[in-house]
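Colleague: Have a look at the structure that comes next, please.
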Amino acid sequence: MGQNLFQTNPTQTLELYKLAREFAAIKKTDIVYDLYTGTGTIALFVASLAKKVVGVEYVKESIENANLNAALNKIDNTVFFAGDMKDLLSEELFSQEGNPDVIITDPPRSGMHEDVVTALLKSNCPRIVYVSCNPGTQARDLLMLSEKYNLVKVQAVDMFPHTAHVESVALLELK
């Protein structure tokens, strides 16, 4: 099935999450969607800034852990859904949980499925923050999103010093 992914460099993970949070510019009235939420680390990291955070993840066990993490940290403005991103991310979810003001997406190395990109384009979300461990698939996805979004800025975070591997955080704004 799937597996939980945990960043191996906790110091730089905090810097990565702080950068994603800064790019997101979340307001108290915002509904934030955290795609590929895993155990909810980014969702829970930004929850205090938002009205509500909706986490979506394929791995059911990760969502169980996200709910446990929310309870342990007494965070009550998050909801988490397990299932295939391309099926869950839909007008139905948006009408049920609220239209997104900010979407944070942190997909696997393979990037986002084309149907997920299509759902993002249909969402008309004002801001998308795209966190990636693979600049190649991130560039591919950003190109598809450029149909309706301007790329405002991109910043690399060196997660593995002395290697060529970086995480990249991009901010997109609706045209």
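Going through the structure tokens in order, the chains are called A, B, and so on, while each chain numbers its residues from 1 and the ligands are numbered from 1 in the order shown.
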Identify, with DSSP run on backbone atoms, the residues in chain A assigned to alpha helix (DSSP H), and express the list as a PyMOL selection string.
Modeller: chain A and resi 10-24+41-46+60-72+85-88+91-97+114-123+135-145
Colleague: Store the residues picked out above in a file with C-alpha atoms, as a short mmCIF file (atom, residue, chain, number, x, y, z; two decimals), in the first residue's frame.
Modeller:
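Saved file result_11.cif follows:
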data_model
loop_
_atom_site.label_atom_id
_atom_site.label_comp_id
_atom_site.auth_asym_id
_atom_site.auth_seq_id
_atom_site.Cartn_x
_atom_site.Cartn_y
_atom_site.Cartn_z
CA PRO A 10 14.00 18.23 11.36
CA THR A 11 15.85 21.57 11.55
CA GLN A 12 15.41 22.26 7.84
CA THR A 13 11.88 20.81 7.88
CA LEU A 14 10.91 23.60 10.27
CA GLU A 15 12.47 26.13 7.87
CA LEU A 16 10.60 24.52 4.95
CA TYR A 17 7.27 24.70 6.79
CA LYS A 18 7.90 28.29 7.91
CA LEU A 19 8.59 29.26 4.29
CA ALA A 20 5.41 27.52 3.07
CA ARG A 21 3.46 29.30 5.83
CA GLU A 22 4.98 32.66 4.88
CA PHE A 23 4.15 32.16 1.18
CA ALA A 24 0.59 31.10 2.08
CA THR A 41 2.23 18.06 9.77
CA ILE A 42 1.78 21.08 7.48
CA ALA A 43 -1.98 21.27 8.16
CA LEU A 44 -1.41 21.31 11.91
CA PHE A 45 1.53 23.74 11.58
CA VAL A 46 -0.69 26.36 9.89
CA LYS A 60 -5.68 5.83 5.43
CA GLU A 61 -3.24 5.13 8.29
CA SER A 62 -1.65 8.55 7.78
CA ILE A 63 -5.06 10.21 8.14
CA GLU A 64 -5.67 8.24 11.35
CA ASN A 65 -2.35 9.63 12.62
CA ALA A 66 -3.26 13.15 11.44
CA ASN A 67 -6.46 12.99 13.50
CA LEU A 68 -4.50 11.67 16.48
CA ASN A 69 -1.91 14.46 16.10
CA ALA A 70 -4.69 17.06 15.97
CA ALA A 71 -6.26 15.64 19.15
CA LEU A 72 -2.94 15.41 21.00
CA MET A 85 -6.50 12.79 -4.46
CA LYS A 86 -7.80 12.88 -8.04
CA ASP A 87 -11.15 11.49 -6.84
CA LEU A 88 -11.51 13.42 -3.57
CA GLU A 91 -16.52 20.55 -6.42
CA GLU A 92 -18.37 18.25 -4.01
CA LEU A 93 -15.58 18.47 -1.42
CA PHE A 94 -15.35 22.25 -1.89
CA SER A 95 -19.10 22.67 -1.36
CA GLN A 96 -19.01 20.37 1.68
CA GLU A 97 -15.94 21.87 3.38
CA GLU A 114 -3.15 15.62 -14.28
CA ASP A 115 -6.68 15.30 -12.80
CA VAL A 116 -5.45 16.96 -9.58
CA VAL A 117 -3.98 19.85 -11.61
CA THR A 118 -7.33 20.14 -13.43
CA ALA A 119 -9.15 20.27 -10.07
CA LEU A 120 -6.78 23.03 -8.89
CA LEU A 121 -7.44 25.00 -12.06
CA LYS A 122 -11.21 24.65 -11.53
CA SER A 123 -10.94 25.68 -7.87
CA PRO A 135 12.09 20.34 -9.28
CA GLY A 136 11.44 18.50 -12.56
CA THR A 137 7.90 17.38 -11.77
CA GLN A 138 7.24 20.68 -10.00
CA ALA A 139 8.21 22.55 -13.19
CA ARG A 140 5.90 20.30 -15.24
CA ASP A 141 2.97 20.94 -12.86
CA LEU A 142 3.66 24.69 -12.65
CA LEU A 143 3.58 24.86 -16.44
CA MET A 144 0.11 23.24 -16.46
CA LEU A 145 -1.07 25.59 -13.69
#
Colleague: Determine, counting only C-alpha atoms, which protein, DNA and RNA residues have an atom within 10 Å of an atom of Leu172 (chain A); residues of the same chain fewer than 5 positions away are not included. Present the result as a list in words.
Modeller: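 Here the answer would be Phe23, Ala24, Ile103, Cys125, Pro126, Arg127, Ile128, Val129, Tyr130, Leu142, Leu145, Ser146, Lys148, Tyr149, Asn150, Leu151, Val152, Lys153 and Val154 of chain A.
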Colleague: Take the residues from that selection and put them in a file with C-alpha atoms, as a PDB file, in the first residue's frame.
Modeller:
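The resulting file, result_33.pdb, is shown below:
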ATOM      1  CA  PHE A  23       4.149  32.160   1.180  1.00  0.00           C
ATOM      2  CA  ALA A  24       0.588  31.102   2.082  1.00  0.00           C
ATOM      3  CA  ILE A 103      -4.071  25.461  -1.187  1.00  0.00           C
ATOM      4  CA  CYS A 125      -8.215  29.347  -5.373  1.00  0.00           C
ATOM      5  CA  PRO A 126      -6.489  32.743  -4.961  1.00  0.00           C
ATOM      6  CA  ARG A 127      -3.142  31.299  -3.734  1.00  0.00           C
ATOM      7  CA  ILE A 128      -1.404  27.964  -4.186  1.00  0.00           C
ATOM      8  CA  VAL A 129       1.786  27.061  -2.360  1.00  0.00           C
ATOM      9  CA  TYR A 130       3.541  24.144  -4.039  1.00  0.00           C
ATOM     10  CA  LEU A 142       3.658  24.691 -12.654  1.00  0.00           C
ATOM     11  CA  LEU A 145      -1.067  25.590 -13.688  1.00  0.00           C
ATOM     12  CA  SER A 146       0.240  28.635 -15.610  1.00  0.00           C
ATOM     13  CA  LYS A 148      -4.692  30.342 -14.741  1.00  0.00           C
ATOM     14  CA  TYR A 149      -1.895  31.130 -12.271  1.00  0.00           C
ATOM     15  CA  ASN A 150       1.098  33.441 -12.178  1.00  0.00           C
ATOM     16  CA  LEU A 151       4.259  32.090 -10.611  1.00  0.00           C
ATOM     17  CA  VAL A 152       5.135  34.793  -8.062  1.00  0.00           C
ATOM     18  CA  LYS A 153       8.242  33.339  -6.445  1.00  0.00           C
ATOM     19  CA  VAL A 154      10.174  30.137  -5.845  1.00  0.00           C
TER      20      VAL A 154
END
Colleague: Suppose you want the space between CA of Ala82 (chain A) and CA of Gln155 (chain A); what is it in Å?
Modeller: 29.5 Å
Colleague: Would you please extract all strand (DSSP E) residues from chain A, as assigned by DSSP on the backbone, and give them as JSON, numbers by chain?
Modeller: {"A": [31, 32, 33, 34, 35, 52, 53, 54, 55, 56, 57, 78, 79, 80, 81, 82, 102, 103, 104, 105, 127, 128, 129, 130, 131, 132, 149, 150, 151, 152, 153, 154, 155, 156, 157, 167, 168, 169, 170, 171, 172, 173, 174]}
Colleague: I'd like the neighbourhood of Lys27 (chain A) as number ranges by chain, where a residue qualifies if any of its atoms comes within 10 Å (using only C-alpha atoms), though same-chain residues fewer than 6 positions away should be ignored.
Modeller: A: 48-51, 101-102
Colleague: Could you save those same residues with N, CA and C atoms as a PDB file, in the first residue's frame?
Modeller:
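Writing done, so here's selection-v9.pdb:
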ATOM      1  N   SER A  48      -3.433  27.244  13.345  1.00  0.00           N
ATOM      2  CA  SER A  48      -3.729  28.356  14.262  1.00  0.00           C
ATOM      3  C   SER A  48      -3.961  29.671  13.519  1.00  0.00           C
ATOM      4  N   LEU A  49      -3.525  29.743  12.268  1.00  0.00           N
ATOM      5  CA  LEU A  49      -3.674  30.969  11.487  1.00  0.00           C
ATOM      6  C   LEU A  49      -4.985  31.022  10.707  1.00  0.00           C
ATOM      7  N   ALA A  50      -5.625  29.868  10.509  1.00  0.00           N
ATOM      8  CA  ALA A  50      -6.754  29.743   9.589  1.00  0.00           C
ATOM      9  C   ALA A  50      -8.074  29.527  10.306  1.00  0.00           C
ATOM     10  N   LYS A  51      -9.148  29.762   9.563  1.00  0.00           N
ATOM     11  CA  LYS A  51     -10.482  29.414  10.052  1.00  0.00           C
ATOM     12  C   LYS A  51     -10.613  27.892  10.110  1.00  0.00           C
ATOM     13  N   ASP A 101      -9.284  29.181   0.132  1.00  0.00           N
ATOM     14  CA  ASP A 101      -8.651  30.491  -0.014  1.00  0.00           C
ATOM     15  C   ASP A 101      -7.160  30.313  -0.279  1.00  0.00           C
ATOM     16  N   VAL A 102      -6.622  29.223   0.237  1.00  0.00           N
ATOM     17  CA  VAL A 102      -5.214  28.863   0.055  1.00  0.00           C
ATOM     18  C   VAL A 102      -5.152  27.346  -0.104  1.00  0.00           C
TER      19      VAL A 102
END
Colleague: Would you mind listing what lies within 6 Å of Phe80 (chain A) as number ranges by chain, with only C-alpha atoms counted and same-chain residues fewer than 2 positions away left out?
Modeller: A: 54-56
Colleague: Rounded to one decimal place, report the CA of Ser168 (chain A)-CA of Val131 (chain A) distance in Å.
Modeller: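 Distance reported for this atom pair: 5.7 Å.
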Colleague: Give the answer as one residue: which of A:Ala156, A:Leu174, A:Ala164, A:Leu89 has the shortest atom-to-atom distance to Glu57 (chain A), using only C-alpha atoms?
Modeller: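 Looking at the shortest contact to Glu57 (chain A), the residue is A:Leu89.
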Colleague: Just how far from CA of Met112 (chain A) is CA of Gly98 (chain A), in Å to one decimal?
Modeller: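 So the answer is 21.9 Å.
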